Amino acid sequence: MGVQGTMEYLSDLLSTKKKKKKKQVQTVALKIRMDCEGCARKVKHVLFGVKGAKSVEVDLKQQKATVTGYVEPKKVLKAAQSTKKKVELWPYVPYSMVANPYISQAYDKKAPPNMVRKVADTANISETTVDDRYIQIFSDENPNACSIMAFAFL
């Protein structure tokens with residue numbers, strides 16, 4: 001800690017005013033429908049206008065805009081919606097982060113490589129690869145399971 005850091009620390013310690021919570025640096029990612037470089041420039045210009053935005057990156061290929069700085073996600077989303085383009089918070093996560101990445105709610109053919117839609121862990125899995133009837137046939141509780149297994153190996 002340098003001299004200036006020490007002085008700041010002491011002045012903060014001795015100050016009697018209520019401290020304001022400092023905003024955290026956040027990164028807000030948005031999925032924005034952009035067709036051309038002009039659209040990307042317009043979006044970038046609008047997002048730089050958000051109070052607290054330090055950097056804005058626009059990826060036309062992935063239809064993604066990323067804003068980094070002391071920003072609130074709601075304000076960034078509202079500013080992006082003012083461009084009259086289809087906007088939503090970035091819905092994709094790496095498929096390893098989702099418990100069941102192959103269910104229909106998570107799969108999106110427009111998603112970038114190795115990404116799936118973010119799905120709540122409590123989502124109902126209505127699709128299974130194994131039918132319940134097959135599980136019951138080979139269950140230990142089924143008295144005919146042995147004969148079925150013996151027949152399968154003949």
# chains A, B, ... in the order shown; residues from 1 in each chain; ligands from 1
$ residues_around --residues "stretch 110-112 of chain A" --least-positions-apart "4" --cutoff "12 Å" --atoms "only C-alpha atoms" --output "PyMOL selection string"
chain A and resi 31+59+61-64+90-95+106+116-118
$ residues_around --residues "A:Arg41" --least-positions-apart "3" --cutoff "12 Å" --atoms "only C-alpha atoms" --output "PyMOL selection string"
chain A and resi 34-38+44-48+56-60+65+83
$ residues_around --residues "A:Leu89" --least-positions-apart "5" --cutoff "8 Å" --atoms "only C-alpha atoms" --output "compact mmCIF listing (two decimals) with C-alpha atoms, in the first residue's frame"
# COMPACT_ATOMS: atom_id res chain seq x y z
CA VAL A 28 -23.73 -7.55 -19.00
CA ALA A 29 -24.12 -9.68 -22.11
CA LEU A 30 -27.04 -9.17 -24.48
CA LYS A 31 -28.35 -11.03 -27.49
CA LEU A 77 -31.30 -3.73 -21.39
$ residues_around --residues "A:Lys54" --least-positions-apart "5" --cutoff "9 Å" --atoms "only C-alpha atoms" --output "PDB file with N, CA and C atoms, in the first residue's frame"
ATOM      1  N   PHE A  48     -22.658   2.642 -25.262  1.00  0.00           N
ATOM      2  CA  PHE A  48     -21.632   3.488 -24.655  1.00  0.00           C
ATOM      3  C   PHE A  48     -22.264   4.659 -23.919  1.00  0.00           C
ATOM      4  N   VAL A  67     -21.303  -5.352 -22.342  1.00  0.00           N
ATOM      5  CA  VAL A  67     -21.022  -4.061 -21.718  1.00  0.00           C
ATOM      6  C   VAL A  67     -20.347  -4.338 -20.385  1.00  0.00           C
ATOM      7  N   THR A  68     -19.209  -3.690 -20.155  1.00  0.00           N
ATOM      8  CA  THR A  68     -18.479  -3.854 -18.908  1.00  0.00           C
ATOM      9  C   THR A  68     -18.350  -2.489 -18.245  1.00  0.00           C
ATOM     10  N   GLY A  69     -18.557  -2.445 -16.939  1.00  0.00           N
ATOM     11  CA  GLY A  69     -18.414  -1.200 -16.197  1.00  0.00           C
ATOM     12  C   GLY A  69     -19.297  -1.211 -14.972  1.00  0.00           C
ATOM     13  N   TYR A  70     -19.503  -0.013 -14.441  1.00  0.00           N
ATOM     14  CA  TYR A  70     -20.345   0.141 -13.262  1.00  0.00           C
ATOM     15  C   TYR A  70     -21.779   0.369 -13.741  1.00  0.00           C
ATOM     16  N   VAL A  71     -22.382  -0.669 -14.270  1.00  0.00           N
ATOM     17  CA  VAL A  71     -23.693  -0.573 -14.899  1.00  0.00           C
ATOM     18  C   VAL A  71     -24.679  -1.513 -14.224  1.00  0.00           C
TER      19      VAL A  71
END
$ atom_distance --atom1 "atom CA of A:Gly52" --atom2 "atom CA of A:Ser11"
25.3 Å
$ closest_residue --among "A:Val98, A:Ile32, A:Val119, A:Val50" --to "A:Lys75" --atoms "only C-alpha atoms"
A:Val50
$ atom_distance --atom1 "atom CA of A:Val76" --atom2 "atom CA of A:Cys39"
16.7 Å
$ select_by_dssp --residues "stretch 66-124 of chain A" --states "alpha helix (DSSP H)" --output "VMD selection string"
chain A and resid 73 to 81
$ write_last_selection --atoms "N, CA, C and O atoms" --output "compact mmCIF listing (two decimals), in the first residue's frame"
# COMPACT_ATOMS: atom_id res chain seq x y z
N PRO A 73 -27.81 -4.11 -15.05
CA PRO A 73 -28.32 -4.86 -16.20
C PRO A 73 -29.65 -4.33 -16.75
O PRO A 73 -29.86 -4.30 -17.95
N LYS A 74 -30.54 -3.87 -15.87
CA LYS A 74 -31.84 -3.37 -16.33
C LYS A 74 -31.67 -2.12 -17.19
O LYS A 74 -32.36 -1.94 -18.18
N LYS A 75 -30.76 -1.24 -16.79
CA LYS A 75 -30.54 -0.01 -17.55
C LYS A 75 -29.90 -0.31 -18.90
O LYS A 75 -30.23 0.32 -19.91
N VAL A 76 -28.99 -1.26 -18.93
CA VAL A 76 -28.35 -1.64 -20.19
C VAL A 76 -29.40 -2.25 -21.13
O VAL A 76 -29.45 -1.92 -22.31
N LEU A 77 -30.25 -3.11 -20.59
CA LEU A 77 -31.30 -3.73 -21.39
C LEU A 77 -32.27 -2.68 -21.93
O LEU A 77 -32.65 -2.72 -23.11
N LYS A 78 -32.63 -1.72 -21.11
CA LYS A 78 -33.55 -0.67 -21.53
C LYS A 78 -32.92 0.19 -22.64
O LYS A 78 -33.59 0.54 -23.62
N ALA A 79 -31.64 0.51 -22.49
CA ALA A 79 -30.95 1.29 -23.52
C ALA A 79 -30.88 0.53 -24.83
O ALA A 79 -31.09 1.10 -25.90
N ALA A 80 -30.62 -0.77 -24.75
CA ALA A 80 -30.54 -1.58 -25.96
C ALA A 80 -31.91 -1.69 -26.63
O ALA A 80 -32.01 -1.70 -27.85
N GLN A 81 -32.96 -1.74 -25.84
CA GLN A 81 -34.31 -1.81 -26.41
C GLN A 81 -34.70 -0.52 -27.10
O GLN A 81 -35.56 -0.52 -27.98
$ atom_distance --atom1 "atom CA of A:Thr66" --atom2 "atom CA of A:Met115"
16.6 Å
